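Quick notes on the structure that follows.
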Amino acid sequence: MRVGLLGGSFNPAHEGHRHIAELALARLRLDQVWLMVSPGNPLKPVAGMAPFAERLKGTGAISDRRRVIATAIEAALGTRYTADTLHLLRRLFPRVRFVWIMGADILTQLPRWRRWREIARVMPFVVLPRPGYTLSALAGNASRSLRHGRRPAHEAPVLSRSRSGWVFLPTPQNTTSATAIRDARKQGAVS
């Protein structure tokens, strides 16, 4: 089984997340994409973060519960850092081939993550464009440091058979943003 892992706060979950999941299913030839709702991102402020149950419910609403699945697996595992989550998932599901899915915004932040080089050594990943981030991500520290593991986009379907390596996957972009949704909600509350 080939599973894409798309983690995040999903604060709130939106059509852009579903767009990424569906692209990954098709272009990486995955069986499922798990939308892993983070109980708490160590790099994000707690202020403005919706309760976990609300974020999980919203993520469930954009899933199809068959191929795109919302999951609270990080909360169940009690992990706080992606490196720990990925390590446990590989131990718990030894026959599943995982591919980590991220937007270009995450690639720019990756050097701030705990054990990010270890993650790149043990987990293949795909980077999808994100408005305003793609060029800086591809020229950034993580991209330069991991350049030897980068593969051409046409090799994306074989990532799930690899132990490591990454692909930048040029795709149509969805401009929906959780930050913009939250800001619009605040404006609506003020009006």
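In the structure tokens, chains take letters A, B, ... by order of appearance, with residues numbered from 1 within each chain and ligands from 1 in the order shown.
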
Using only C-alpha atoms, determine which residues lie at most 10 Å from Glu15 of chain A, disregarding the query and same-chain residues fewer than 4 positions distant; provide the list as a VMD selection string.
chain A and resid 19 to 21 59 62 to 63 174 to 178

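Residues within 12 Å of Arg18 of chain A, counting only C-alpha atoms and excluding same-chain residues fewer than 5 positions away, are Leu6, Phe10, Ala13, Leu23, Ala24, Leu25, Val33, Trp34, Leu35, Gly58, Thr59, Gly60, Ala61, Ile62, Ser63, Asp64, Arg67, Val68, Ile69, Ala70, Gln173, Asn174 and Thr176 of chain A.
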
Check the smallest atom-to-atom distance from each of A:Val3, A:Leu146, A:Ala137, A:Ala83 to Arg29 of chain A using only C-alpha atoms, then report the winner.
A:Val3

Just the residues within 12 Å of Gly78 of chain A, please, counting only C-alpha atoms, with nothing from its chain fewer than 4 positions along; format it as a PyMOL selection string.
chain A and resi 38-40+72-74+82+84-85+88

With C-alpha atoms retained, write the just-selected residues as a PDB file, in the first residue's frame.
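Output (selection_33.pdb):
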```pdb
ATOM      1  CA  SER A  38      -1.329  18.100  14.414  1.00  0.00           C
ATOM      2  CA  PRO A  39      -2.346  18.370  18.067  1.00  0.00           C
ATOM      3  CA  GLY A  40       0.129  21.254  18.391  1.00  0.00           C
ATOM      4  CA  ALA A  72      -5.659  12.068  14.678  1.00  0.00           C
ATOM      5  CA  ILE A  73      -2.793   9.580  14.594  1.00  0.00           C
ATOM      6  CA  GLU A  74      -0.223  12.060  15.944  1.00  0.00           C
ATOM      7  CA  THR A  82       7.465  15.059  12.652  1.00  0.00           C
ATOM      8  CA  ASP A  84       9.150  11.014  15.804  1.00  0.00           C
ATOM      9  CA  THR A  85       5.812  10.582  14.034  1.00  0.00           C
ATOM     10  CA  LEU A  88       6.685   5.399  14.637  1.00  0.00           C
TER      11      LEU A  88
END
```

If you run DSSP on the backbone, which residues of segment 27-186 of chain A are alpha helix (DSSP H), as a count of residues only?
60

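Taking atom CA of Arg112 of chain A and atom CA of Asn41 of chain A as endpoints, the distance between them is 12.3 Å.
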
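Distance annotation: of A:Gln32, A:Tyr81, A:Leu107, A:Phe98, the residue with the minimal separation from Asn141 of chain A is A:Leu107; atom set is only C-alpha atoms.
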
Quick one: DSSP strand (DSSP E) residues in segment 5-155 of chain A, as a PyMOL selection string?
chain A and resi 5-8+32-37+68-71+97-103+125-128+150-151

12 Å contact set for Thr108 of chain A, only C-alpha atoms, chain neighbours under 2 positions out, as a compact mmCIF listing (two decimals) with N, CA and C atoms, in the first residue's frame:
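What ended up in selection20.txt:
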```txt
# COMPACT_ATOMS: atom_id res chain seq x y z
N MET A 102 4.46 17.92 1.17
CA MET A 102 4.56 19.26 1.76
C MET A 102 4.42 20.32 0.68
N GLY A 103 4.00 21.49 1.12
CA GLY A 103 3.97 22.65 0.23
C GLY A 103 5.33 23.34 0.26
N ALA A 104 5.57 24.18 -0.72
CA ALA A 104 6.84 24.91 -0.80
C ALA A 104 7.08 25.75 0.45
N ASP A 105 6.01 26.21 1.10
CA ASP A 105 6.17 26.99 2.34
C ASP A 105 6.86 26.16 3.42
N ILE A 106 6.57 24.88 3.47
CA ILE A 106 7.19 24.01 4.48
C ILE A 106 8.66 23.77 4.13
N LEU A 110 11.81 24.12 6.66
CA LEU A 110 12.36 22.83 7.07
C LEU A 110 13.63 22.92 7.91
N PRO A 111 14.59 23.80 7.61
CA PRO A 111 15.79 23.86 8.46
C PRO A 111 15.51 24.24 9.92
N ARG A 112 14.33 24.73 10.23
CA ARG A 112 13.97 25.05 11.62
C ARG A 112 13.40 23.83 12.35
N TRP A 113 13.12 22.76 11.61
CA TRP A 113 12.49 21.58 12.19
C TRP A 113 13.53 20.71 12.90
N TRP A 116 15.56 17.59 10.86
CA TRP A 116 15.04 17.66 9.49
C TRP A 116 15.90 16.88 8.50
N VAL A 127 7.36 17.99 -2.92
CA VAL A 127 7.09 19.40 -2.63
C VAL A 127 6.18 19.92 -3.72
N PRO A 129 4.00 23.30 -5.32
CA PRO A 129 4.10 24.76 -5.32
C PRO A 129 3.09 25.40 -4.37
N ARG A 130 3.46 26.54 -3.87
CA ARG A 130 2.58 27.31 -3.00
C ARG A 130 2.76 28.77 -3.37
N GLY A 132 3.64 32.38 -3.68
CA GLY A 132 4.50 33.25 -2.87
C GLY A 132 5.69 32.56 -2.23
N TYR A 133 5.80 31.24 -2.34
CA TYR A 133 6.88 30.52 -1.67
C TYR A 133 7.76 29.70 -2.61
N THR A 134 7.26 29.32 -3.75
CA THR A 134 7.93 28.33 -4.58
C THR A 134 9.36 28.71 -4.95
N LEU A 135 9.56 29.91 -5.47
CA LEU A 135 10.91 30.29 -5.91
C LEU A 135 11.88 30.35 -4.74
N SER A 136 11.47 30.95 -3.63
CA SER A 136 12.38 31.03 -2.48
C SER A 136 12.65 29.65 -1.90
N ALA A 137 11.66 28.75 -1.94
CA ALA A 137 11.86 27.39 -1.42
C ALA A 137 12.89 26.64 -2.25
N LEU A 138 12.79 26.75 -3.56
CA LEU A 138 13.70 26.01 -4.44
C LEU A 138 15.11 26.59 -4.44
N ALA A 139 15.25 27.83 -3.97
CA ALA A 139 16.57 28.45 -3.85
C ALA A 139 17.06 28.47 -2.42
N GLY A 140 16.26 27.93 -1.48
CA GLY A 140 16.56 28.03 -0.06
C GLY A 140 17.54 27.00 0.47
N ASN A 141 17.78 27.10 1.77
CA ASN A 141 18.77 26.25 2.45
C ASN A 141 18.45 24.76 2.34
N ALA A 142 17.20 24.39 2.58
CA ALA A 142 16.86 22.97 2.54
C ALA A 142 17.05 22.41 1.14
N SER A 143 16.58 23.11 0.15
CA SER A 143 16.71 22.66 -1.24
C SER A 143 18.17 22.50 -1.62
N ARG A 144 18.99 23.47 -1.23
CA ARG A 144 20.44 23.38 -1.55
C ARG A 144 21.08 22.22 -0.81
N SER A 145 20.75 22.05 0.46
CA SER A 145 21.35 20.97 1.25
C SER A 145 20.95 19.59 0.76
```
